[in-house]
$ cat entry11.tsv   # TSV, C-alpha atoms and all ligand atoms
chain	number	residue	atom	x	y	z
A	5	MET	CA	-50.30	86.79	-59.15
A	6	ALA	CA	-52.94	85.52	-61.51
A	7	HIS	CA	-50.97	82.80	-63.18
A	8	THR	CA	-49.87	81.32	-59.89
A	9	LEU	CA	-53.45	81.02	-58.61
A	10	VAL	CA	-55.14	78.79	-61.13
A	11	PRO	CA	-53.42	76.70	-63.75
A	12	ASN	CA	-55.15	77.04	-67.13
A	13	LEU	CA	-56.62	80.39	-66.05
A	14	ARG	CA	-55.86	81.99	-69.40
A	15	PRO	CA	-57.85	79.55	-71.60
A	16	ALA	CA	-60.69	79.64	-69.09
A	17	LEU	CA	-60.70	83.45	-69.20
A	18	ALA	CA	-60.51	83.44	-73.00
A	19	GLU	CA	-63.53	81.13	-73.14
A	20	ARG	CA	-65.37	83.37	-70.70
A	21	VAL	CA	-64.54	86.51	-72.65
A	22	ARG	CA	-65.71	84.84	-75.86
A	23	TYR	CA	-69.03	84.08	-74.16
A	24	TYR	CA	-69.43	87.69	-72.97
A	25	HIS	CA	-68.69	88.89	-76.49
A	26	GLU	CA	-71.50	86.67	-77.76
A	27	LEU	CA	-73.78	88.48	-75.36
A	28	GLY	CA	-72.60	91.87	-76.56
A	29	ILE	CA	-70.35	92.68	-73.62
A	30	TYR	CA	-67.01	94.08	-74.69
A	31	ASP	CA	-65.91	96.28	-71.83
A	32	PHE	CA	-64.12	94.87	-68.81
A	33	TYR	CA	-62.28	96.53	-66.05
A	34	LEU	CA	-59.74	95.48	-63.51
A	35	ARG	CA	-60.27	96.16	-59.85
A	36	PRO	CA	-57.14	96.56	-57.78
A	37	LEU	CA	-56.28	93.02	-56.77
A	38	GLN	CA	-57.27	92.65	-53.14
A	39	SER	CA	-58.21	89.04	-52.86
A	40	PRO	CA	-57.15	85.83	-54.52
A	41	ARG	CA	-60.56	85.56	-56.30
A	42	LEU	CA	-59.10	86.96	-59.49
A	43	VAL	CA	-61.72	85.66	-61.86
A	44	GLU	CA	-64.49	87.33	-59.91
A	45	ALA	CA	-62.42	90.50	-59.61
A	46	VAL	CA	-62.01	90.79	-63.37
A	47	LEU	CA	-65.29	89.40	-64.66
A	48	PRO	CA	-68.77	89.91	-63.24
A	49	GLU	CA	-70.81	87.14	-61.62
A	50	GLU	CA	-73.77	87.57	-63.96
A	51	PRO	CA	-73.67	88.13	-67.72
A	52	SER	CA	-75.95	90.79	-69.17
A	53	ALA	CA	-77.88	90.99	-72.42
A	54	SER	CA	-76.77	94.23	-74.02
A	55	SER	CA	-80.01	95.33	-75.53
A	56	LEU	CA	-82.74	95.41	-72.94
A	57	SER	CA	-84.97	98.38	-73.46
A	58	ALA	CA	-86.80	98.44	-70.17
A	59	PRO	CA	-85.56	99.51	-66.74
A	60	LEU	CA	-83.63	96.73	-65.10
A	61	PRO	CA	-83.82	95.52	-61.54
A	62	ARG	CA	-81.30	97.32	-59.41
A	63	SER	CA	-78.68	94.60	-59.19
A	64	GLN	CA	-78.68	94.21	-62.95
A	65	SER	CA	-78.41	97.91	-63.71
A	66	ASP	CA	-75.61	98.18	-61.18
A	67	PHE	CA	-73.87	95.42	-63.04
A	68	ARG	CA	-74.41	97.14	-66.38
A	69	GLU	CA	-72.96	100.33	-64.94
A	70	GLU	CA	-69.89	98.42	-63.94
A	71	MET	CA	-69.65	96.99	-67.43
A	72	ALA	CA	-69.85	100.44	-69.01
A	73	ILE	CA	-66.42	101.50	-67.78
A	74	ARG	CA	-64.24	102.65	-70.68
A	75	LYS	CA	-62.59	100.05	-72.85
A	76	SER	CA	-59.28	101.77	-72.34
A	77	SER	CA	-59.38	100.58	-68.76
A	78	ALA	CA	-59.74	96.97	-69.81
A	79	ALA	CA	-57.57	94.51	-68.03
A	80	PRO	CA	-54.30	94.26	-69.87
A	81	ALA	CA	-53.31	90.74	-70.72
A	82	THR	CA	-50.08	89.93	-68.98
A	83	GLY	CA	-49.09	86.88	-71.03
A	84	LYS	CA	-48.09	86.37	-74.62
A	85	VAL	CA	-51.58	86.07	-76.10
A	86	SER	CA	-54.22	88.70	-75.42
A	87	ILE	CA	-57.49	87.13	-74.30
A	88	PHE	CA	-59.26	90.07	-75.91
A	89	GLU	CA	-58.01	89.10	-79.34
A	90	SER	CA	-59.31	85.58	-79.26
A	91	VAL	CA	-62.64	86.12	-81.01
A	92	THR	CA	-62.77	85.01	-84.62
A	93	PRO	CA	-65.69	85.68	-86.98
A	94	ASN	CA	-68.21	82.88	-87.19
A	95	SER	CA	-68.17	80.77	-90.34
A	96	GLU	CA	-71.76	81.65	-91.32
A	97	GLN	CA	-71.38	85.41	-91.05
A	98	SER	CA	-70.79	86.06	-94.73
A	99	VAL	CA	-73.49	83.61	-95.85
A	100	ALA	CA	-76.80	85.12	-96.96
A	101	ASP	CA	-78.89	81.95	-97.14
A	102	PRO	CA	-80.08	81.00	-93.63
A	103	VAL	CA	-80.39	77.34	-94.62
A	104	VAL	CA	-76.69	77.23	-95.46
A	105	ALA	CA	-75.79	79.40	-92.47
A	106	LEU	CA	-77.62	77.10	-90.06
A	107	SER	CA	-75.88	74.09	-91.51
A	108	LEU	CA	-72.52	75.81	-90.97
A	109	ILE	CA	-73.43	76.45	-87.34
A	110	ARG	CA	-74.44	72.80	-86.99
A	111	GLN	CA	-71.12	71.81	-88.53
A	112	ASP	CA	-69.22	73.99	-86.06
A	113	LEU	CA	-71.09	72.38	-83.21
A	114	GLY	CA	-69.93	68.98	-84.46
A	115	ASP	CA	-70.20	66.09	-82.07
A	116	CYS	CA	-69.95	68.61	-79.26
A	117	THR	CA	-67.94	67.74	-76.15
A	118	ARG	CA	-67.64	71.32	-74.87
A	119	CYS	CA	-69.55	70.73	-71.65
A	120	LYS	CA	-70.09	67.82	-69.31
A	121	LEU	CA	-73.54	66.97	-70.76
A	122	HIS	CA	-71.82	65.00	-73.51
A	123	GLN	CA	-70.68	62.49	-70.89
A	124	GLN	CA	-73.96	62.30	-69.03
A	125	GLY	CA	-76.04	60.03	-71.20
A	126	ARG	CA	-77.13	62.20	-74.11
A	127	LYS	CA	-77.94	60.15	-77.21
A	128	GLN	CA	-77.64	63.01	-79.65
A	129	ILE	CA	-77.46	66.75	-80.03
A	130	VAL	CA	-80.84	68.45	-80.50
A	131	PHE	CA	-79.94	71.41	-82.66
A	132	GLY	CA	-83.27	73.04	-83.49
A	133	VAL	CA	-86.02	72.64	-86.02
A	134	GLY	CA	-88.28	74.69	-88.22
A	135	ASN	CA	-88.37	77.42	-90.78
A	136	PRO	CA	-84.97	79.11	-91.25
A	137	HIS	CA	-86.91	82.22	-92.36
A	138	ALA	CA	-89.31	82.11	-89.40
A	139	GLU	CA	-90.73	85.35	-88.03
A	140	LEU	CA	-91.34	83.61	-84.72
A	141	MET	CA	-88.94	81.52	-82.69
A	142	PHE	CA	-89.60	79.56	-79.50
A	143	VAL	CA	-86.78	78.81	-77.08
A	144	GLY	CA	-87.15	76.14	-74.42
A	145	GLU	CA	-84.84	74.85	-71.72
A	146	GLY	CA	-83.27	71.64	-72.99
A	147	PRO	CA	-84.17	68.32	-74.56
A	148	GLY	CA	-86.00	65.68	-72.55
A	149	ALA	CA	-86.00	61.93	-73.15
A	150	ASP	CA	-88.23	62.05	-76.24
A	151	GLU	CA	-86.26	64.88	-77.81
A	152	ASP	CA	-82.99	63.11	-77.05
A	153	ALA	CA	-84.32	59.95	-78.73
A	154	GLN	CA	-85.69	61.74	-81.81
A	155	GLY	CA	-83.16	64.55	-82.19
A	156	GLU	CA	-85.85	67.20	-82.39
A	157	PRO	CA	-86.98	69.75	-79.79
A	158	PHE	CA	-90.43	69.60	-78.23
A	159	VAL	CA	-91.68	66.27	-79.53
A	160	GLY	CA	-92.91	64.79	-76.21
A	161	ARG	CA	-96.00	65.74	-74.20
A	162	ALA	CA	-94.83	69.31	-73.69
A	163	GLY	CA	-94.18	69.43	-77.42
A	164	GLN	CA	-97.74	68.41	-78.17
A	165	LEU	CA	-99.00	71.26	-76.05
A	166	LEU	CA	-96.58	73.63	-77.76
A	167	ASN	CA	-97.95	72.43	-81.11
A	168	ASN	CA	-101.47	73.25	-79.89
A	169	MET	CA	-100.32	76.68	-78.76
A	170	ILE	CA	-98.76	77.31	-82.18
A	171	LYS	CA	-101.94	76.12	-83.89
A	172	ALA	CA	-104.11	78.29	-81.69
A	173	MET	CA	-102.02	81.22	-82.88
A	174	GLY	CA	-103.03	80.39	-86.45
A	175	LEU	CA	-99.59	79.03	-87.32
A	176	ARG	CA	-98.13	75.62	-88.12
A	177	ARG	CA	-95.10	74.10	-86.41
A	178	GLU	CA	-93.28	74.32	-89.78
A	179	ASP	CA	-93.80	78.09	-89.81
A	180	VAL	CA	-91.79	78.75	-86.66
A	181	TYR	CA	-88.30	77.81	-85.45
A	182	ILE	CA	-87.88	75.90	-82.18
A	183	ALA	CA	-84.66	75.54	-80.19
A	184	ASN	CA	-83.45	75.21	-76.62
A	185	ILE	CA	-80.95	76.90	-74.33
A	186	VAL	CA	-78.93	73.66	-74.18
A	187	LYS	CA	-78.75	71.17	-77.01
A	188	CYS	CA	-78.06	68.05	-74.98
A	189	ARG	CA	-80.36	66.33	-72.52
A	190	PRO	CA	-79.47	67.02	-68.88
A	191	PRO	CA	-79.53	63.72	-66.98
A	192	GLY	CA	-82.86	62.95	-65.32
A	193	ASN	CA	-84.28	66.11	-66.89
A	194	ARG	CA	-82.52	68.27	-64.30
A	195	THR	CA	-82.24	71.98	-64.95
A	196	PRO	CA	-79.21	72.77	-67.11
A	197	GLU	CA	-76.38	74.20	-65.05
A	198	ARG	CA	-74.91	77.60	-65.56
A	199	ASP	CA	-71.69	76.43	-67.21
A	200	GLU	CA	-73.70	74.23	-69.58
A	201	CYS	CA	-75.94	77.15	-70.58
A	202	GLU	CA	-72.94	79.44	-71.00
A	203	THR	CA	-71.13	76.94	-73.18
A	204	CYS	CA	-74.12	76.22	-75.38
A	205	SER	CA	-75.78	79.61	-75.71
A	206	PRO	CA	-73.30	81.09	-78.25
A	207	PHE	CA	-74.66	78.54	-80.73
A	208	LEU	CA	-78.23	79.59	-79.97
A	209	MET	CA	-77.20	83.24	-80.41
A	210	ARG	CA	-75.79	82.35	-83.83
A	211	GLN	CA	-79.04	80.57	-84.76
A	212	ILE	CA	-81.04	83.65	-83.74
A	213	ALA	CA	-78.66	85.97	-85.60
A	214	THR	CA	-79.10	83.79	-88.69
A	215	ILE	CA	-82.89	83.40	-88.60
A	216	LYS	CA	-83.48	87.02	-87.52
A	217	PRO	CA	-86.96	86.34	-86.17
A	218	LYS	CA	-89.23	89.30	-85.55
A	219	ALA	CA	-90.27	87.77	-82.24
A	220	ILE	CA	-88.86	85.24	-79.81
A	221	VAL	CA	-90.89	83.53	-77.11
A	222	ALA	CA	-88.88	82.27	-74.15
A	223	LEU	CA	-90.65	79.23	-72.73
A	224	GLY	CA	-90.24	79.19	-68.98
A	225	ALA	CA	-87.95	80.76	-66.46
A	226	VAL	CA	-84.77	78.94	-67.46
A	227	ALA	CA	-85.01	80.13	-71.06
A	228	ALA	CA	-86.03	83.63	-70.04
A	229	LYS	CA	-83.33	84.08	-67.43
A	230	ASN	CA	-80.62	82.76	-69.71
A	231	LEU	CA	-81.64	84.83	-72.71
A	232	LEU	CA	-82.16	88.02	-70.75
A	233	ALA	CA	-79.54	87.48	-68.05
A	234	LEU	CA	-82.15	88.62	-65.57
A	235	ASN	CA	-82.86	86.88	-62.32
A	236	ALA	CA	-86.50	87.68	-61.73
A	237	PRO	CA	-89.62	85.62	-61.06
A	238	MET	CA	-91.90	84.69	-63.96
A	239	SER	CA	-94.52	87.11	-62.66
A	240	GLU	CA	-92.09	89.96	-63.38
A	241	LEU	CA	-90.64	88.57	-66.59
A	242	ARG	CA	-93.97	87.98	-68.37
A	243	GLY	CA	-96.36	90.48	-69.89
A	244	ARG	CA	-93.89	92.81	-71.56
A	245	TRP	CA	-91.50	93.03	-74.46
A	246	TYR	CA	-87.71	93.01	-74.39
A	247	ASP	CA	-85.49	94.10	-77.25
A	248	PHE	CA	-83.13	91.29	-78.15
A	249	LYS	CA	-80.24	91.29	-80.58
A	250	PRO	CA	-77.27	88.93	-80.38
A	251	ALA	CA	-73.88	90.62	-80.49
A	252	GLY	CA	-72.20	90.60	-83.85
A	253	SER	CA	-75.46	90.13	-85.75
A	254	ASP	CA	-76.21	91.96	-88.99
A	255	PRO	CA	-76.06	95.70	-88.18
A	256	SER	CA	-78.90	96.38	-90.65
A	257	TRP	CA	-81.22	94.05	-88.72
A	258	PRO	CA	-83.09	95.90	-85.96
A	259	GLY	CA	-83.23	92.79	-83.78
A	260	SER	CA	-86.05	90.76	-82.27
A	261	ARG	CA	-88.62	91.46	-79.64
A	262	LEU	CA	-88.65	88.85	-76.92
A	263	ALA	CA	-91.63	87.81	-74.79
A	264	VAL	CA	-91.70	85.37	-71.91
A	265	THR	CA	-94.40	82.81	-71.22
A	266	TYR	CA	-94.86	79.67	-69.18
A	267	HIS	CA	-93.14	76.48	-70.23
A	268	PRO	CA	-95.62	73.97	-71.73
A	269	ALA	CA	-94.45	71.35	-69.20
A	270	PHE	CA	-95.46	73.73	-66.42
A	271	LEU	CA	-98.82	74.27	-68.11
A	272	LEU	CA	-99.35	70.51	-68.17
A	273	ARG	CA	-98.81	70.47	-64.40
A	274	ASP	CA	-100.92	73.57	-63.77
A	275	PRO	CA	-103.47	73.96	-66.59
A	276	ARG	CA	-105.10	76.89	-64.75
A	277	GLN	CA	-102.23	79.06	-66.06
A	278	LYS	CA	-103.09	78.36	-69.71
A	279	GLY	CA	-105.22	81.48	-69.87
A	280	GLU	CA	-102.23	83.58	-68.79
A	281	ALA	CA	-100.01	81.92	-71.36
A	282	TRP	CA	-102.65	82.60	-73.99
A	283	LYS	CA	-102.51	86.31	-73.10
A	284	ASP	CA	-98.75	86.23	-73.71
A	285	LEU	CA	-99.25	84.57	-77.08
A	286	GLN	CA	-101.94	87.06	-78.04
A	287	MET	CA	-99.47	89.87	-77.34
A	288	VAL	CA	-97.06	88.15	-79.75
A	289	MET	CA	-99.77	87.66	-82.37
A	290	LYS	CA	-100.73	91.30	-82.20
A	291	TYR	CA	-97.14	92.33	-82.80
A	292	LEU	CA	-96.77	89.90	-85.71
A	293	GLY	CA	-100.14	90.91	-87.17
A	294	ILE	CA	-101.51	87.37	-86.90
A	295	GLU	CA	-105.25	86.80	-86.71
A	296	ALA	CA	-106.09	83.71	-84.67
A	297	PRO	CA	-108.58	81.24	-86.10
A	298	LYS	CA	-112.04	82.19	-84.77
A	299	LYS	CA	-112.40	79.46	-82.11
A	300	ALA	CA	-108.90	79.86	-80.76
A	301	ALA	CA	-109.30	83.62	-80.42
A	302	GLU	CA	-111.74	83.05	-77.59
A	303	GLU	CA	-110.28	80.00	-75.89
A	304	PRO	CA	-106.81	79.20	-74.56
A	305	PRO	CA	-105.12	76.18	-76.17
A	306	ARG	CA	-105.99	72.78	-74.64
B	1	LIG	N1	-88.67	70.89	-72.79
B	1	LIG	C1	-87.82	71.78	-73.31
B	1	LIG	O1	-87.50	72.78	-72.69
B	1	LIG	N2	-87.35	71.56	-74.52
B	1	LIG	C2	-87.67	70.51	-75.24
B	1	LIG	O2	-87.18	70.39	-76.36
B	1	LIG	C3	-88.59	69.60	-74.69
B	1	LIG	C4	-89.06	69.78	-73.46

$ encode --input "entry11.tsv" --output "structure tokens" --more "lines below"
Ligand code: URA
Amino acid sequence: MAHTLVPNLRPALAERVRYYHELGIYDFYLRPLQSPRLVEAVLPEEPSASSLSAPLPRSQSDFREEMAIRKSSAAPATGKVSIFESVTPNSEQSVADPVVALSLIRQDLGDCTRCKLHQQGRKQIVFGVGNPHAELMFVGEGPGADEDAQGEPFVGRAGQLLNNMIKAMGLRREDVYIANIVKCRPPGNRTPERDECETCSPFLMRQIATIKPKAIVALGAVAAKNLLALNAPMSELRGRWYDFKPAGSDPSWPGSRLAVTYHPAFLLRDPRQKGEAWKDLQMVMKYLGIEAPKKAAEEPPR
């Protein structure tokens, strides 16, 4: 039986269900219990964004089909507290001013110890920076050493290139909002691990739901895969739009469009791809109705 397999299974499941709710997944089903891997039997391996407009790769659409099973067949909670009743409204949800709402999210985050990154040498939490009314939001992977030292995303070398990209688009850094999938520096700049992304991303979803940008640019594969819950190479992820709307966000807001481009750190290593990244940004500019300054319109950012 479930409770004899893993101690603390219930809080772990509740946390997991909360995360799926943040992604817009509400329907779960229970397979007949055949193996002791109960968690995998009840919950899927991969989370799914609920609002992708385009056809999904087969494995993902299979997964979404599984998730579409009727709510009435949801796994009944066997204990005293239902794990499906554990979601409380976020503190900022009734607040109209995004400046106040963002500060409430920051307050909720606190001196976060929710994942192991807090014990792995982070100096501070890097929440996000920019215009709370921004039409355009950039999402990177996670803070590096410079960001960890300064408490602001994209302030190192990759940040300088991102600034140039923003400028080439005819915008200023203060016009956009910049955040990351994880808010604490992974040690040695390693890729953030799945549990770290899962723990942190509800806060990013709340930031997006607050700012309500018209467009989001995912910088690099880690950001793209985490936001879209798609496991595809960059060549497949780029060059198209995705509809993106965090669960629980304002029903009168139609949601964002999300584009994927190369991470500036990758572009520093392989500058030949800057032209491709510039094409991605031009797609975003067209959607936002932004005219690039004359010189930048012809040349990719340096
Ligand atoms: N790389 C990222 O993904 N984010 C930052 O904030 C800085 C570098």

$ closest_residue --input "entry11.tsv" --among "A:Phe131, A:Gly146, A:Asp254, A:Pro190" --to "Glu96 (chain A)" --atoms "all atoms listed in the file"
A:Asp254

$ residues_around --input "entry11.tsv" --residues "Leu106 (chain A)" --least-positions-apart "6" --cutoff "12 Å" --atoms "all atoms listed in the file" --output "list in words"
Asn94, Ser95, Glu96, Gln97, Val99, Ala100, Asp112, Leu113, Phe131, Gly132, Val133, Gly134, Asn135, Pro136, His137, Tyr181, Phe207, Leu208, Met209, Arg210, Gln211, Ile212, Ala213, Thr214, Ile215 and Lys216 of chain A

$ atom_distance --input "entry11.tsv" --atom1 "CA of Glu295 (chain A)" --atom2 "CA of Gly174 (chain A)"
6.8 Å

$ closest_atom_pairs --input "entry11.tsv" --of "chain A" --to "ligand LIG 1 (chain B)" --cutoff "12 Å" --atoms "all atoms listed in the file" --output "tab-separated table"
residue	atom	partner	partner_atom	distance
A:Ile129	CA	B:LIG1	O2	11.0
A:Val130	CA	B:LIG1	O2	7.8
A:Phe131	CA	B:LIG1	O2	9.7
A:Gly132	CA	B:LIG1	O2	8.6
A:Val133	CA	B:LIG1	O2	10.0
A:Phe142	CA	B:LIG1	N2	9.7
A:Val143	CA	B:LIG1	O1	7.5
A:Gly144	CA	B:LIG1	O1	3.8
A:Glu145	CA	B:LIG1	O1	3.5
A:Gly146	CA	B:LIG1	N2	4.4
A:Pro147	CA	B:LIG1	O2	4.1
A:Gly148	CA	B:LIG1	C3	5.2
A:Ala149	CA	B:LIG1	C3	8.2
A:Asp150	CA	B:LIG1	C3	7.7
A:Glu151	CA	B:LIG1	O2	5.8
A:Asp152	CA	B:LIG1	O2	8.4
A:Ala153	CA	B:LIG1	O2	11.1
A:Gln154	CA	B:LIG1	O2	10.3
A:Gly155	CA	B:LIG1	O2	9.2
A:Glu156	CA	B:LIG1	O2	7.0
A:Pro157	CA	B:LIG1	O2	3.5
A:Phe158	CA	B:LIG1	O2	3.8
A:Val159	CA	B:LIG1	C3	6.6
A:Gly160	CA	B:LIG1	C3	6.6
A:Arg161	CA	B:LIG1	C4	8.1
A:Ala162	CA	B:LIG1	C4	5.8
A:Gly163	CA	B:LIG1	C3	6.2
A:Gln164	CA	B:LIG1	C3	9.9
A:Leu165	CA	B:LIG1	C4	10.4
A:Leu166	CA	B:LIG1	C3	9.5
A:Asn167	CA	B:LIG1	C3	11.7
A:Tyr181	CA	B:LIG1	O2	11.8
A:Ile182	CA	B:LIG1	O2	8.0
A:Ala183	CA	B:LIG1	O2	6.9
A:Asn184	CA	B:LIG1	N2	5.7
A:Ile185	CA	B:LIG1	O1	7.9
A:Val186	CA	B:LIG1	N2	8.7
A:Lys187	CA	B:LIG1	O2	8.5
A:Cys188	CA	B:LIG1	O2	9.5
A:Arg189	CA	B:LIG1	O2	8.8
A:Pro190	CA	B:LIG1	C1	10.6
A:Asn193	CA	B:LIG1	N1	8.8
A:Arg194	CA	B:LIG1	O1	10.7
A:Thr195	CA	B:LIG1	O1	9.4
A:Pro196	CA	B:LIG1	O1	10.0
A:Ala222	CA	B:LIG1	O1	9.7
A:Leu223	CA	B:LIG1	O1	7.2
A:Gly224	CA	B:LIG1	O1	7.9
A:Ala225	CA	B:LIG1	O1	10.1
A:Val226	CA	B:LIG1	O1	8.5
A:Ala227	CA	B:LIG1	O1	7.9
A:Ala228	CA	B:LIG1	O1	11.3
A:Tyr266	CA	B:LIG1	O1	10.7
A:His267	CA	B:LIG1	O1	7.2
A:Pro268	CA	B:LIG1	N1	7.7
A:Ala269	CA	B:LIG1	N1	6.8
A:Phe270	CA	B:LIG1	N1	9.7
A:Leu271	CA	B:LIG1	N1	11.7
A:Leu272	CA	B:LIG1	C4	11.6

$ closest_residue --input "entry11.tsv" --among "A:Val221, A:Ala251, A:Cys116, A:Val288" --to "Thr265 (chain A)" --atoms "all atoms listed in the file"
A:Val221

$ closest_residue --input "entry11.tsv" --among "A:Leu140, A:Tyr246, A:Asp115, A:Lys127" --to "Leu175 (chain A)" --atoms "all atoms listed in the file"
A:Leu140

$ residues_around --input "entry11.tsv" --residues "Ile170 (chain A)" --least-positions-apart "5" --cutoff "9 Å" --atoms "only C-alpha atoms" --output "CSV table (one decimal) with C-alpha atoms, in the coordinates of the input"
chain,number,residue,atom,x,y,z
A,165,LEU,CA,-99.0,71.3,-76.0
A,175,LEU,CA,-99.6,79.0,-87.3
A,176,ARG,CA,-98.1,75.6,-88.1
A,177,ARG,CA,-95.1,74.1,-86.4
A,180,VAL,CA,-91.8,78.8,-86.7
A,285,LEU,CA,-99.2,84.6,-77.1
A,305,PRO,CA,-105.1,76.2,-76.2

$ atom_distance --input "entry11.tsv" --atom1 "CA of Cys119 (chain A)" --atom2 "CA of Asn235 (chain A)"
22.9 Å

$ atom_distance --input "entry11.tsv" --atom1 "CA of Ile294 (chain A)" --atom2 "CA of Ala281 (chain A)"
16.5 Å

$ closest_residue --input "entry11.tsv" --among "A:Leu108, A:Leu262, A:Met173, A:Leu121" --to "Ala296 (chain A)" --atoms "only C-alpha atoms"
A:Met173

$ closest_residue --input "entry11.tsv" --among "A:Lys249, A:Arg244, A:Arg198, A:Arg306" --to "Lys229 (chain A)" --atoms "all atoms listed in the file"
A:Arg198

$ closest_residue --input "entry11.tsv" --among "A:Ser107, A:Ser253, A:Gln128, A:Ser205" --to "Pro93 (chain A)" --atoms "all atoms listed in the file"
A:Ser253

$ axis_aligned_box --input "entry11.tsv" --around "region 143-149 of chain A" --padding-each-side "5 Å" --output "lines of an AutoDock Vina configuration file"
center_x = -85.2
center_y = 70.4
center_z = -74.4
size_x = 13.9
size_y = 26.9
size_z = 15.4

$ build_atoms --input "entry11.tsv" --residues "region 263-277 of chain A" --atoms "N, CA, C and O atoms" --output "JSON list (two decimals), in the coordinates of the input"
[["chain", "number", "residue", "atom", "x", "y", "z"],
["A", 263, "ALA", "N", -90.59, 87.93, -75.83],
["A", 263, "ALA", "CA", -91.63, 87.81, -74.79],
["A", 263, "ALA", "C", -91.39, 86.53, -74.01],
["A", 263, "ALA", "O", -90.77, 85.59, -74.51],
["A", 264, "VAL", "N", -91.88, 86.52, -72.79],
["A", 264, "VAL", "CA", -91.70, 85.37, -71.91],
["A", 264, "VAL", "C", -93.07, 84.77, -71.60],
["A", 264, "VAL", "O", -94.01, 85.51, -71.33],
["A", 265, "THR", "N", -93.17, 83.45, -71.69],
["A", 265, "THR", "CA", -94.40, 82.81, -71.22],
["A", 265, "THR", "C", -94.06, 81.53, -70.47],
["A", 265, "THR", "O", -92.89, 81.15, -70.37],
["A", 266, "TYR", "N", -95.09, 80.90, -69.94],
["A", 266, "TYR", "CA", -94.86, 79.67, -69.18],
["A", 266, "TYR", "C", -94.39, 78.54, -70.08],
["A", 266, "TYR", "O", -94.78, 78.45, -71.25],
["A", 267, "HIS", "N", -93.58, 77.67, -69.51],
["A", 267, "HIS", "CA", -93.14, 76.48, -70.23],
["A", 267, "HIS", "C", -94.32, 75.52, -70.38],
["A", 267, "HIS", "O", -95.09, 75.35, -69.42],
["A", 268, "PRO", "N", -94.49, 74.90, -71.56],
["A", 268, "PRO", "CA", -95.62, 73.97, -71.73],
["A", 268, "PRO", "C", -95.63, 72.85, -70.67],
["A", 268, "PRO", "O", -96.71, 72.41, -70.26],
["A", 269, "ALA", "N", -94.46, 72.40, -70.23],
["A", 269, "ALA", "CA", -94.45, 71.35, -69.20],
["A", 269, "ALA", "C", -95.06, 71.86, -67.90],
["A", 269, "ALA", "O", -95.75, 71.12, -67.18],
["A", 270, "PHE", "N", -94.83, 73.12, -67.60],
["A", 270, "PHE", "CA", -95.46, 73.73, -66.42],
["A", 270, "PHE", "C", -96.97, 73.81, -66.61],
["A", 270, "PHE", "O", -97.75, 73.52, -65.70],
["A", 271, "LEU", "N", -97.38, 74.16, -67.83],
["A", 271, "LEU", "CA", -98.82, 74.27, -68.11],
["A", 271, "LEU", "C", -99.51, 72.91, -68.02],
["A", 271, "LEU", "O", -100.69, 72.84, -67.66],
["A", 272, "LEU", "N", -98.76, 71.85, -68.32],
["A", 272, "LEU", "CA", -99.35, 70.51, -68.17],
["A", 272, "LEU", "C", -99.57, 70.20, -66.69],
["A", 272, "LEU", "O", -100.53, 69.55, -66.32],
["A", 273, "ARG", "N", -98.66, 70.71, -65.85],
["A", 273, "ARG", "CA", -98.81, 70.47, -64.40],
["A", 273, "ARG", "C", -99.86, 71.40, -63.79],
["A", 273, "ARG", "O", -100.52, 71.05, -62.83],
["A", 274, "ASP", "N", -99.97, 72.60, -64.33],
["A", 274, "ASP", "CA", -100.92, 73.57, -63.77],
["A", 274, "ASP", "C", -101.74, 74.21, -64.90],
["A", 274, "ASP", "O", -101.48, 75.36, -65.31],
["A", 275, "PRO", "N", -102.71, 73.48, -65.41],
["A", 275, "PRO", "CA", -103.47, 73.96, -66.59],
["A", 275, "PRO", "C", -104.22, 75.27, -66.32],
["A", 275, "PRO", "O", -104.59, 75.95, -67.26],
["A", 276, "ARG", "N", -104.40, 75.62, -65.04],
["A", 276, "ARG", "CA", -105.10, 76.89, -64.75],
["A", 276, "ARG", "C", -104.33, 78.08, -65.32],
["A", 276, "ARG", "O", -104.88, 79.15, -65.52],
["A", 277, "GLN", "N", -103.04, 77.92, -65.57],
["A", 277, "GLN", "CA", -102.23, 79.06, -66.06],
["A", 277, "GLN", "C", -102.29, 79.19, -67.58],
["A", 277, "GLN", "O", -101.67, 80.09, -68.15]]
